[in-house]
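A.B. asks: Input structure: upload-v7.pdb, which contains PDB, C-alpha atoms and all ligand atoms.
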```pdb
ATOM      1  CA  MET T   1       0.000   0.000   0.000
ATOM      2  CA  GLN T   2       3.025   2.257   0.254
ATOM      3  CA  LYS T   3       2.986   2.260  -3.542
ATOM      4  CA  LYS T   4       0.020   4.591  -3.720
ATOM      5  CA  GLY T   5      -2.307   3.809  -6.578
ATOM      6  CA  ALA T   6      -0.695   0.462  -7.255
ATOM      7  CA  PHE T   7      -3.939  -1.375  -6.628
ATOM      8  CA  ASP T   8      -7.403  -0.727  -7.968
ATOM      9  CA  TYR T   9      -9.114  -3.242  -5.768
ATOM     10  CA  ILE T  10      -8.054  -5.954  -3.362
ATOM     11  CA  LEU T  11      -9.892  -9.260  -3.276
ATOM     12  CA  LEU T  12      -9.203 -11.422  -0.255
ATOM     13  CA  GLU T  13     -10.178 -15.035  -0.625
ATOM     14  CA  THR T  14     -10.439 -16.893   2.651
ATOM     15  CA  THR T  15      -9.111 -20.418   2.784
ATOM     16  CA  GLY T  16     -11.887 -22.938   2.382
ATOM     17  CA  LEU T  17     -14.600 -22.341   4.908
ATOM     18  CA  ALA T  18     -13.989 -19.354   7.115
ATOM     19  CA  ASP T  19     -16.058 -16.886   9.071
ATOM     20  CA  PRO T  20     -15.698 -13.547   7.239
ATOM     21  CA  GLY T  21     -16.707 -11.610  10.379
ATOM     22  CA  PRO T  22     -13.253 -11.088  11.939
ATOM     23  CA  ILE T  23     -11.683 -10.094   8.616
ATOM     24  CA  ALA T  24     -14.519  -7.762   7.727
ATOM     25  CA  SER T  25     -14.409  -6.054  11.109
ATOM     26  CA  MET T  26     -10.618  -5.675  10.854
ATOM     27  CA  PHE T  27     -10.896  -3.798   7.571
ATOM     28  CA  TRP T  28     -14.079  -1.985   8.372
ATOM     29  CA  LEU T  29     -13.313   0.051  11.455
ATOM     30  CA  ASN T  30      -9.560  -0.272  11.727
ATOM     31  CA  GLU T  31      -8.392   3.201  12.615
ATOM     32  CA  GLU T  32      -5.649   3.287  10.037
ATOM     33  CA  TYR T  33      -7.932   2.150   7.260
ATOM     34  CA  ALA T  34     -10.962   4.103   8.427
ATOM     35  CA  THR T  35      -9.074   7.388   8.553
ATOM     36  CA  GLY T  36      -7.867   6.812   5.031
ATOM     37  CA  LEU T  37      -4.221   6.448   6.056
ATOM     38  CA  ALA T  38      -3.979   3.227   4.189
ATOM     39  CA  ASP T  39      -6.401   4.235   1.435
ATOM     40  CA  ILE T  40      -8.413   1.090   2.016
ATOM     41  CA  VAL T  41     -12.120   0.880   2.571
ATOM     42  CA  LEU T  42     -14.136  -2.272   2.979
ATOM     43  CA  ASP T  43     -16.406  -2.620  -0.035
ATOM     44  CA  GLY T  44     -18.352  -5.779   0.705
ATOM     45  CA  VAL T  45     -18.341  -9.469   1.483
ATOM     46  CA  VAL T  46     -19.155 -11.909  -1.313
ATOM     47  CA  CYS T  47     -19.954 -15.544  -0.706
ATOM     48  CA  VAL T  48     -19.896 -18.264  -3.362
ATOM     49  CA  VAL T  49     -22.235 -21.130  -2.570
ATOM     50  CA  ASP T  50     -21.705 -24.349  -4.498
ATOM     51  CA  ALA T  51     -25.117 -25.360  -5.860
ATOM     52  CA  VAL T  52     -24.102 -29.038  -5.898
ATOM     53  CA  PHE T  53     -22.726 -29.391  -2.382
ATOM     54  CA  GLY T  54     -23.815 -26.175  -0.660
ATOM     55  CA  GLN T  55     -26.906 -27.473   1.051
ATOM     56  CA  LYS T  56     -25.186 -30.619   2.296
ATOM     57  CA  GLN T  57     -22.281 -28.543   3.558
ATOM     58  CA  MET T  58     -24.600 -26.218   5.469
ATOM     59  CA  GLU T  59     -26.440 -29.107   7.043
ATOM     60  CA  GLU T  60     -23.258 -30.970   7.989
ATOM     61  CA  ASP T  61     -21.575 -27.898   9.373
ATOM     62  CA  HIS T  62     -24.510 -27.072  11.464
ATOM     63  CA  ALA T  63     -25.066 -30.605  12.711
ATOM     64  CA  THR T  64     -21.494 -30.790  14.011
ATOM     65  CA  ASP T  65     -21.711 -27.379  15.598
ATOM     66  CA  ASP T  66     -24.830 -27.597  17.712
ATOM     67  CA  LEU T  67     -24.148 -24.853  20.205
ATOM     68  CA  HIS T  68     -22.609 -22.447  17.789
ATOM     69  CA  ILE T  69     -23.234 -21.626  14.191
ATOM     70  CA  GLY T  70     -21.800 -23.652  11.334
ATOM     71  CA  GLU T  71     -19.007 -21.954   9.394
ATOM     72  CA  SER T  72     -20.783 -22.053   6.036
ATOM     73  CA  ILE T  73     -23.860 -20.505   7.611
ATOM     74  CA  ARG T  74     -21.691 -17.785   9.141
ATOM     75  CA  GLN T  75     -20.340 -17.096   5.669
ATOM     76  CA  ILE T  76     -23.790 -16.697   4.202
ATOM     77  CA  ALA T  77     -25.003 -14.655   7.166
ATOM     78  CA  GLY T  78     -22.047 -12.291   6.878
ATOM     79  CA  SER T  79     -22.338 -11.737   3.137
ATOM     80  CA  ASP T  80     -23.496  -8.705   1.227
ATOM     81  CA  VAL T  81     -23.838 -10.636  -2.032
ATOM     82  CA  VAL T  82     -24.244 -14.360  -2.622
ATOM     83  CA  LEU T  83     -23.318 -16.159  -5.840
ATOM     84  CA  LEU T  84     -25.072 -19.492  -6.172
ATOM     85  CA  ASN T  85     -22.588 -21.109  -8.540
ATOM     86  CA  LYS T  86     -22.690 -24.291 -10.652
ATOM     87  CA  ALA T  87     -26.324 -23.503 -11.349
ATOM     88  CA  ASP T  88     -26.072 -25.628 -14.509
ATOM     89  CA  LEU T  89     -25.228 -28.791 -12.603
ATOM     90  CA  VAL T  90     -28.366 -29.242 -10.490
ATOM     91  CA  GLU T  91     -32.075 -29.662 -11.084
ATOM     92  CA  PRO T  92     -34.134 -26.471 -10.759
ATOM     93  CA  GLU T  93     -35.814 -27.791  -7.586
ATOM     94  CA  VAL T  94     -32.454 -28.344  -5.901
ATOM     95  CA  LEU T  95     -31.342 -24.886  -6.937
ATOM     96  CA  ALA T  96     -34.557 -23.364  -5.600
ATOM     97  CA  GLY T  97     -34.138 -25.293  -2.333
ATOM     98  CA  THR T  98     -30.601 -24.016  -1.801
ATOM     99  CA  GLU T  99     -31.672 -20.536  -2.726
ATOM    100  CA  ALA T 100     -34.524 -20.677  -0.203
ATOM    101  CA  LEU T 101     -32.112 -21.821   2.480
ATOM    102  CA  ILE T 102     -29.758 -18.930   1.729
ATOM    103  CA  ARG T 103     -32.647 -16.477   1.774
ATOM    104  CA  GLN T 104     -33.831 -17.791   5.134
ATOM    105  CA  ILE T 105     -30.408 -17.146   6.619
ATOM    106  CA  ASN T 106     -29.719 -13.826   4.945
ATOM    107  CA  ALA T 107     -32.685 -11.718   3.905
ATOM    108  CA  ALA T 108     -30.520  -8.764   2.940
ATOM    109  CA  ALA T 109     -28.089 -10.085   0.325
ATOM    110  CA  PRO T 110     -28.948 -10.286  -3.365
ATOM    111  CA  ILE T 111     -28.494 -13.849  -4.665
ATOM    112  CA  TYR T 112     -27.173 -14.338  -8.196
ATOM    113  CA  LYS T 113     -27.245 -17.723  -9.884
ATOM    114  CA  THR T 114     -24.026 -18.214 -11.815
ATOM    115  CA  VAL T 115     -22.296 -20.709 -14.074
ATOM    116  CA  LYS T 116     -18.516 -20.828 -13.681
ATOM    117  CA  GLY T 117     -18.758 -17.653 -11.637
ATOM    118  CA  GLU T 118     -19.863 -15.578 -14.634
ATOM    119  CA  ILE T 119     -21.234 -12.339 -13.199
ATOM    120  CA  ASN T 120     -21.356  -8.696 -14.145
ATOM    121  CA  LEU T 121     -18.637  -7.253 -11.910
ATOM    122  CA  LYS T 122     -20.807  -4.294 -10.940
ATOM    123  CA  HIS T 123     -22.714  -6.675  -8.675
ATOM    124  CA  ILE T 124     -19.664  -7.644  -6.644
ATOM    125  CA  ILE T 125     -17.137  -4.821  -7.020
ATOM    126  CA  GLY T 126     -17.703  -1.232  -5.961
ATOM    127  CA  ILE T 127     -20.928  -2.088  -4.156
ATOM    128  CA  SER T 128     -20.161   0.064  -1.070
ATOM    129  CA  ALA T 129     -22.079  -2.392   1.064
ATOM    130  CA  PHE T 130     -20.586  -0.921   4.244
ATOM    131  CA  ARG T 131     -21.496   2.633   3.339
ATOM    132  CA  LEU T 132     -24.801   2.660   1.461
ATOM    133  CA  PRO T 133     -28.289   1.554   2.553
ATOM    134  CA  PRO T 134     -28.953  -2.159   2.053
ATOM    135  CA  PRO T 135     -30.370  -2.937  -1.395
ATOM    136  CA  ASP T 136     -34.005  -3.841  -1.783
ATOM    137  CA  VAL T 137     -33.994  -7.612  -1.947
ATOM    138  CA  SER T 138     -37.455  -8.392  -3.196
ATOM    139  CA  THR T 139     -38.933 -11.811  -2.807
ATOM    140  CA  ASN T 140     -41.939 -13.519  -4.273
ATOM    141  CA  THR T 141     -44.777 -14.938  -2.222
ATOM    142  CA  ASN T 142     -42.937 -18.038  -1.059
ATOM    143  CA  GLY T 143     -40.023 -15.954   0.023
ATOM    144  CA  THR T 144     -37.632 -17.120  -2.655
ATOM    145  CA  HIS T 145     -36.463 -15.106  -5.567
ATOM    146  CA  VAL T 146     -33.141 -15.293  -7.311
ATOM    147  CA  HIS T 147     -31.984 -12.077  -8.905
ATOM    148  CA  THR T 148     -30.270 -12.495 -12.222
ATOM    149  CA  ASP T 149     -28.565 -10.020 -14.497
ATOM    150  CA  ASP T 150     -31.734  -9.586 -16.512
ATOM    151  CA  CYS T 151     -33.999  -9.254 -13.484
ATOM    152  CA  ASP T 152     -35.671  -5.918 -14.040
ATOM    153  CA  HIS T 153     -39.244  -6.731 -13.131
ATOM    154  CA  SER T 154     -41.019  -5.348 -10.144
ATOM    155  CA  HIS T 155     -42.378  -7.352  -7.238
ATOM    156  CA  ASP T 156     -45.637  -6.348  -5.755
ATOM    157  CA  SER T 157     -45.969  -8.968  -3.044
ATOM    158  CA  ARG T 158     -44.850  -7.974   0.430
ATOM    159  CA  PRO T 159     -41.725  -9.866   1.379
ATOM    160  CA  PRO T 160     -41.962 -12.079   4.424
ATOM    161  CA  THR T 161     -40.300 -10.301   7.293
ATOM    162  CA  HIS T 162     -39.069 -13.134   9.465
ATOM    163  CA  TYR T 163     -37.171 -16.164   8.249
ATOM    164  CA  GLU T 164     -35.707 -18.931  10.298
ATOM    165  CA  VAL T 165     -33.425 -21.835   9.539
ATOM    166  CA  LYS T 166     -32.088 -23.962  12.346
ATOM    167  CA  GLY T 167     -32.055 -21.009  14.676
ATOM    168  CA  ILE T 168     -30.254 -18.694  12.250
ATOM    169  CA  SER T 169     -32.547 -16.177  10.739
ATOM    170  CA  SER T 170     -33.039 -12.698   9.433
ATOM    171  CA  LEU T 171     -35.361 -10.293  11.136
ATOM    172  CA  GLN T 172     -36.536  -7.275   9.237
ATOM    173  CA  VAL T 173     -38.505  -4.336  10.602
ATOM    174  CA  ALA T 174     -39.692  -1.363   8.561
ATOM    175  CA  CYS T 175     -40.055   2.073  10.080
ATOM    176  CA  SER T 176     -41.026   5.554   9.022
ATOM    177  CA  ALA T 177     -39.259   8.751  10.094
ATOM    178  CA  LEU T 178     -37.681   8.531  13.552
ATOM    179  CA  ASP T 179     -37.515  11.304  16.126
ATOM    180  CA  GLN T 180     -34.533  11.839  18.426
ATOM    181  CA  SER T 181     -35.928   9.622  21.185
ATOM    182  CA  HIS T 182     -36.428   6.772  18.694
ATOM    183  CA  LEU T 183     -32.855   7.226  17.501
ATOM    184  CA  ASP T 184     -31.488   7.140  21.056
ATOM    185  CA  LYS T 185     -33.554   4.107  22.028
ATOM    186  CA  LEU T 186     -32.625   2.292  18.840
ATOM    187  CA  ASP T 187     -28.949   2.920  19.508
ATOM    188  CA  GLU T 188     -29.293   1.525  23.017
ATOM    189  CA  TRP T 189     -31.290  -1.493  21.829
ATOM    190  CA  ILE T 190     -28.650  -2.373  19.238
ATOM    191  CA  ARG T 191     -25.822  -1.865  21.733
ATOM    192  CA  ASN T 192     -27.450  -4.237  24.202
ATOM    193  CA  ALA T 193     -28.142  -6.826  21.523
ATOM    194  CA  LEU T 194     -24.582  -6.732  20.192
ATOM    195  CA  TRP T 195     -22.628  -6.266  23.412
ATOM    196  CA  GLU T 196     -24.787  -7.984  26.013
ATOM    197  CA  ASN T 197     -26.552 -10.482  23.740
ATOM    198  CA  ARG T 198     -29.786  -9.316  25.327
ATOM    199  CA  VAL T 199     -32.746  -7.257  24.304
ATOM    200  CA  GLU T 200     -35.289  -5.548  26.482
ATOM    201  CA  ASP T 201     -38.122  -7.737  27.784
ATOM    202  CA  VAL T 202     -36.672 -10.958  26.309
ATOM    203  CA  ASP T 203     -35.011 -13.584  28.498
ATOM    204  CA  SER T 204     -33.341 -15.675  25.831
ATOM    205  CA  GLU T 205     -29.997 -14.743  24.286
ATOM    206  CA  VAL T 206     -29.483 -13.261  20.878
ATOM    207  CA  GLN T 207     -26.336 -13.508  18.809
ATOM    208  CA  ILE T 208     -26.180 -11.039  15.974
ATOM    209  CA  LEU T 209     -23.691 -11.744  13.214
ATOM    210  CA  ARG T 210     -24.540  -8.883  10.930
ATOM    211  CA  CYS T 211     -26.945  -5.993  11.008
ATOM    212  CA  LYS T 212     -27.697  -3.320   8.509
ATOM    213  CA  GLY T 213     -30.333  -0.772   7.913
ATOM    214  CA  ALA T 214     -31.310   2.627   6.669
ATOM    215  CA  PHE T 215     -33.694   5.101   8.204
ATOM    216  CA  THR T 216     -34.586   8.765   8.155
ATOM    217  CA  SER T 217     -34.940  11.191  11.021
ATOM    218  CA  GLN T 218     -37.901  13.512  11.259
ATOM    219  CA  LYS T 219     -35.493  16.273  10.257
ATOM    220  CA  GLY T 220     -34.985  14.452   6.965
ATOM    221  CA  VAL T 221     -31.469  13.201   7.672
ATOM    222  CA  HIS T 222     -30.751   9.749   6.222
ATOM    223  CA  TYR T 223     -28.826   7.324   8.397
ATOM    224  CA  VAL T 224     -27.182   4.009   7.638
ATOM    225  CA  LEU T 225     -26.740   1.285  10.242
ATOM    226  CA  GLN T 226     -23.906  -1.192   9.771
ATOM    227  CA  GLY T 227     -22.745  -3.871  12.139
ATOM    228  CA  VAL T 228     -20.412  -6.854  12.046
ATOM    229  CA  ARG T 229     -20.112  -9.111  15.074
ATOM    230  CA  ASN T 230     -20.183  -6.751  18.066
ATOM    231  CA  MET T 231     -19.110  -3.637  16.168
ATOM    232  CA  TYR T 232     -21.702  -1.288  14.793
ATOM    233  CA  GLU T 233     -22.004   2.217  13.480
ATOM    234  CA  ILE T 234     -24.918   4.506  12.749
ATOM    235  CA  SER T 235     -23.710   7.136  10.335
ATOM    236  CA  GLU T 236     -25.252   9.973   8.419
ATOM    237  CA  LEU T 237     -25.545   9.345   4.721
ATOM    238  CA  PRO T 238     -23.933  12.221   2.791
ATOM    239  CA  ALA T 239     -26.428  14.266   0.772
ATOM    240  CA  THR T 240     -24.872  13.027  -2.497
ATOM    241  CA  ASP T 241     -25.701   9.435  -1.554
ATOM    242  CA  SER T 242     -29.179  10.290  -0.242
ATOM    243  CA  ILE T 243     -30.743  11.005  -3.622
ATOM    244  CA  GLY T 244     -33.544   8.540  -4.263
ATOM    245  CA  VAL T 245     -33.224   6.943  -0.826
ATOM    246  CA  PRO T 246     -36.788   6.405   0.436
ATOM    247  CA  ASP T 247     -37.856   7.951   3.741
ATOM    248  CA  THR T 248     -39.201   4.583   4.806
ATOM    249  CA  GLY T 249     -36.510   2.829   6.742
ATOM    250  CA  LYS T 250     -35.692  -0.756   7.518
ATOM    251  CA  ILE T 251     -33.551  -2.575  10.001
ATOM    252  CA  ILE T 252     -32.270  -6.042   9.222
ATOM    253  CA  LEU T 253     -30.668  -8.292  11.804
ATOM    254  CA  ILE T 254     -29.062 -11.606  10.923
ATOM    255  CA  GLY T 255     -28.192 -14.062  13.647
ATOM    256  CA  LYS T 256     -29.341 -16.528  16.230
ATOM    257  CA  GLY T 257     -32.262 -16.290  18.615
ATOM    258  CA  LEU T 258     -34.100 -13.678  16.562
ATOM    259  CA  THR T 259     -37.500 -14.836  17.716
ATOM    260  CA  ASP T 260     -40.855 -13.100  17.620
ATOM    261  CA  PRO T 261     -40.360 -11.599  21.095
ATOM    262  CA  VAL T 262     -37.132 -10.034  19.810
ATOM    263  CA  ARG T 263     -39.026  -8.542  16.894
ATOM    264  CA  LYS T 264     -41.649  -7.210  19.297
ATOM    265  CA  SER T 265     -38.968  -5.698  21.483
ATOM    266  CA  LEU T 266     -37.465  -3.886  18.488
ATOM    267  CA  GLU T 267     -40.883  -2.770  17.330
ATOM    268  CA  ALA T 268     -41.569  -1.403  20.800
ATOM    269  CA  VAL T 269     -38.469   0.774  20.477
ATOM    270  CA  LEU T 270     -39.693   2.064  17.138
ATOM    271  CA  VAL T 271     -43.320   2.352  18.194
ATOM    272  CA  GLY T 272     -45.012   5.236  16.480
ATOM    273  CA  SER T 273     -42.818   4.820  13.437
ATOM    274  CA  ILE T 274     -43.633   1.256  12.346
ATOM    275  CA  VAL T 275     -45.016   0.985   8.816
TER
HETATM  276  N1  LIG E 301     -20.317 -27.092 -14.974
HETATM  277  C1  LIG E 301     -19.732 -26.195 -14.166
HETATM  278  N2  LIG E 301     -18.485 -26.429 -13.697
HETATM  279  C2  LIG E 301     -17.919 -25.523 -12.875
HETATM  280  C3  LIG E 301     -18.619 -24.359 -12.464
HETATM  281  N3  LIG E 301     -17.816 -23.649 -11.631
HETATM  282  C4  LIG E 301     -16.672 -24.346 -11.527
HETATM  283  N4  LIG E 301     -16.733 -25.482 -12.273
HETATM  284  C5  LIG E 301     -15.705 -26.509 -12.404
HETATM  285  O1  LIG E 301     -15.651 -27.256 -11.197
HETATM  286  C6  LIG E 301     -14.331 -27.722 -10.953
HETATM  287  C7  LIG E 301     -13.948 -27.393  -9.507
HETATM  288  O2  LIG E 301     -13.955 -25.973  -9.361
HETATM  289  P1  LIG E 301     -14.377 -25.303  -8.026
HETATM  290  O3  LIG E 301     -15.516 -26.017  -7.413
HETATM  291  O4  LIG E 301     -14.482 -23.867  -8.305
HETATM  292  O5  LIG E 301     -13.094 -25.567  -7.174
HETATM  293  P2  LIG E 301     -12.964 -25.429  -5.645
HETATM  294  O6  LIG E 301     -12.288 -26.635  -5.197
HETATM  295  O7  LIG E 301     -14.268 -25.010  -5.044
HETATM  296  O8  LIG E 301     -12.021 -24.218  -5.512
HETATM  297  P3  LIG E 301     -11.390 -23.730  -4.138
HETATM  298  O9  LIG E 301     -12.362 -24.086  -3.061
HETATM  299  O10 LIG E 301     -11.261 -22.276  -4.357
HETATM  300  O11 LIG E 301     -10.076 -24.456  -4.054
HETATM  301  C8  LIG E 301     -13.449 -27.051 -12.008
HETATM  302  O12 LIG E 301     -13.201 -28.020 -13.021
HETATM  303  C9  LIG E 301     -14.326 -25.925 -12.561
HETATM  304  O13 LIG E 301     -14.067 -25.652 -13.918
HETATM  305  C10 LIG E 301     -19.944 -24.161 -12.970
HETATM  306  O14 LIG E 301     -20.658 -23.191 -12.644
HETATM  307  N5  LIG E 301     -20.455 -25.116 -13.789
END
```
What does the file become when written as structure tokens?
Ligand SMILES: Nc1nc2c(ncn2[C@@H]2O[C@H](COP(=O)(O)OP(=O)(O)OP(=O)(O)O)[C@@H](O)[C@H]2O)c(=O)[nH]1

C.D. replies:
Amino acid sequence: MQKKGAFDYILLETTGLADPGPIASMFWLNEEYATGLADIVLDGVVCVVDAVFGQKQMEEDHATDDLHIGESIRQIAGSDVVLLNKADLVEPEVLAGTEALIRQINAAAPIYKTVKGEINLKHIIGISAFRLPPPDVSTNTNGTHVHTDDCDHSHDSRPPTHYEVKGISSLQVACSALDQSHLDKLDEWIRNALWENRVEDVDSEVQILRCKGAFTSQKGVHYVLQGVRNMYEISELPATDSIGVPDTGKIILIGKGLTDPVRKSLEAVLVGSIV
């Protein structure tokens, strides 16, 4: 990095199965990187799921890791984009099954079906997943929809808002403009969930692997929530990035123990702004 401008983009490939969380958090809020000293910013985490063996791998991983969370599931949970590769080698039903499993774990990442990793690079490079609001990942009525390069249709069905697979799930809550007390309470709720593994009025533990969101204050300021493992940040979205960002906000949590009471607890914090 001392050779300024020598690199356009750095792609780190983890060895085999690895939890991307520690690496992502190292690059995300590392002081040297964050202050621009090293000219590095974390763009996003991409996960390639093998359509032939992916499902088996997820099941095996999880079965041998009862108390924790299987490594392959951590990978999917911590991803901003998922490529479901070798799509040509399995029957459509198998592909749809794997896709549904991925969607249940991570409701926030676009899923692209690929053959030999063929993908328009704009979907995986320069996505600013740690800076911009999460993309709108629309789903059809049964909660499964694979985005492809030529996917330009609209979806009018409301996406399901709570998915669960073997205890790992995504929880999504929509909200309208938040006032200062909402913002303060939300900050505290997230801090407790990430640092204490607890949320108000719920006895059971939560373990959040990734959280993201976007919301607007009543003053019209757009905020982005980002979190990896127990690190999180709520930052103002610069005006140049706010164009076209809807005032309706959403908060997406991915992790373990995200039950209905947890959803209710979060909704209670946002009460008066739920849409
Ligand atoms: N038919 C088909 N073959 C593929 C596809 N992607 C990779 N392959 C082939 O599958 C074989 C194994 O490749 P990979 O599965 O990518 O290898 P890998 O062992 O996962 O790679 P690492 O885990 O990175 O070491 C190679 O011969 C690839 O050419 C695909 O989408 N369709």

A.B. asks: Nearest to ligand LIG 301 (chain E) among T:Ile76, T:Val115, T:Ser25, T:Gln104, with distances taken over all atoms listed in the file: which residue is it?

C.D. replies: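 Smallest distance to ligand LIG 301 (chain E) is found for T:Val115.
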
A.B. asks: Would you list the residues that come within 6 Å of ligand LIG 301 (chain E)? Count only C-alpha atoms and all ligand atoms and give the answer as a PyMOL selection string.

C.D. replies: chain T and resi 16+85-89+115-117

A.B. asks: If you count all atoms listed in the file, which residues fall within 12 Å of Leu29 in chain T, apart from same-chain ones fewer than 4 positions away, as a list in words?

C.D. replies: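 Final neighbour list, sorted by chain and number: Pro22, Ile23, Ala24, Ser25, Tyr33, Ala34, Thr35, Gly36, Ile40, Val41, Leu42, Phe130, Arg131, Gln226, Gly227, Val228, Arg229, Asn230, Met231, Tyr232 and Glu233 of chain T.
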
A.B. asks: Quick one: everything within 12 Å of Lys56 in chain T, counting only C-alpha atoms, minus sequence neighbours fewer than 4 positions away in the same chain. Send it as a CSV table (one decimal) with C-alpha atoms, in the frame of the given file.

C.D. replies:
```
chain,number,residue,atom,x,y,z
T,49,VAL,CA,-22.2,-21.1,-2.6
T,50,ASP,CA,-21.7,-24.3,-4.5
T,51,ALA,CA,-25.1,-25.4,-5.9
T,52,VAL,CA,-24.1,-29.0,-5.9
T,60,GLU,CA,-23.3,-31.0,8.0
T,61,ASP,CA,-21.6,-27.9,9.4
T,62,HIS,CA,-24.5,-27.1,11.5
T,63,ALA,CA,-25.1,-30.6,12.7
T,70,GLY,CA,-21.8,-23.7,11.3
T,72,SER,CA,-20.8,-22.1,6.0
T,73,ILE,CA,-23.9,-20.5,7.6
T,94,VAL,CA,-32.5,-28.3,-5.9
T,97,GLY,CA,-34.1,-25.3,-2.3
T,98,THR,CA,-30.6,-24.0,-1.8
T,101,LEU,CA,-32.1,-21.8,2.5
```

A.B. asks: Could you tell me which residues the PyMOL selection byres (((chain T and resi 186-203) around 8) and not hetatm) returns for this structure, as an mmCIF file with C-alpha atoms, keeping the file's coordinate frame?

C.D. replies:
```cif
data_model
loop_
_atom_site.group_PDB
_atom_site.id
_atom_site.type_symbol
_atom_site.label_atom_id
_atom_site.label_comp_id
_atom_site.auth_asym_id
_atom_site.auth_seq_id
_atom_site.Cartn_x
_atom_site.Cartn_y
_atom_site.Cartn_z
ATOM 1 C CA HIS T 182 -36.428 6.772 18.694
ATOM 2 C CA LEU T 183 -32.855 7.226 17.501
ATOM 3 C CA ASP T 184 -31.488 7.140 21.056
ATOM 4 C CA LYS T 185 -33.554 4.107 22.028
ATOM 5 C CA SER T 204 -33.341 -15.675 25.831
ATOM 6 C CA GLU T 205 -29.997 -14.743 24.286
ATOM 7 C CA VAL T 206 -29.483 -13.261 20.878
ATOM 8 C CA GLN T 207 -26.336 -13.508 18.809
ATOM 9 C CA ILE T 208 -26.180 -11.039 15.974
ATOM 10 C CA ARG T 229 -20.112 -9.111 15.074
ATOM 11 C CA ASN T 230 -20.183 -6.751 18.066
ATOM 12 C CA MET T 231 -19.110 -3.637 16.168
ATOM 13 C CA PRO T 261 -40.360 -11.599 21.095
ATOM 14 C CA VAL T 262 -37.132 -10.034 19.810
ATOM 15 C CA SER T 265 -38.968 -5.698 21.483
ATOM 16 C CA LEU T 266 -37.465 -3.886 18.488
ATOM 17 C CA VAL T 269 -38.469 0.774 20.477
ATOM 18 C CA LEU T 270 -39.693 2.064 17.138
#
```

A.B. asks: Nearest residue to Arg103 in chain T out of T:Ser217, T:Ser235, T:Ser170, T:Ser242, using only C-alpha atoms?

C.D. replies: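 Answer, going by the shortest atom-to-atom distance: T:Ser170.
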
A.B. asks: Find the distance between CA of Tyr9 in chain T and CA of Ile125 in chain T and write it in Å to one decimal.

C.D. replies: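 That distance, rounded to one decimal, is 8.3 Å.
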
A.B. asks: Can you measure CA of Leu17 in chain T to CA of Val137 in chain T for me? One decimal in Å is fine.

C.D. replies: 25.3 Å

A.B. asks: Show me as a PyMOL selection string the residues that reach within 7 Å of (-32.2, 3.4, 10.6), counting all atoms listed in the file and using the file's own coordinates.

C.D. replies: chain T and resi 213-216+223-225+249-251

A.B. asks: Mind pulling up the distance from CA of Tyr112 in chain T to CA of Val82 in chain T?

C.D. replies: 6.3 Å

A.B. asks: Expand the PyMOL selection byres (((chain T and resi 105) around 12) and not hetatm) into the individual residues it matches in the shown file, reporting them as number ranges by chain.

C.D. replies: T: 58, 69-70, 72-79, 82, 98-104, 106-109, 111, 143-144, 162-172, 208-210, 252-256, 258

A.B. asks: Assuming the chain letters and numbering stay as they are in my file, what does the PyMOL selection byres (((chain T and resi 123) around 9) and not hetatm) actually select? List them as a ChimeraX atom specification.

C.D. replies: /T:81,110,112,119-122,124-127,149

A.B. asks: Do you know which residues are at most 12 Å from Asp247 in chain T counting all atoms listed in the file, after dropping those on the same chain fewer than 4 positions away, and could you put them as an NGL selection string?

C.D. replies: :T and (133 or 174-178 or 214-223 or 242-243 or 273 or 275)

A.B. asks: Which residue out of T:Asp179, T:Asp19, T:Glu267, T:Asp80 has the minimum interatomic distance to Lys212 in chain T when all atoms listed in the file are used?

C.D. replies: T:Asp80
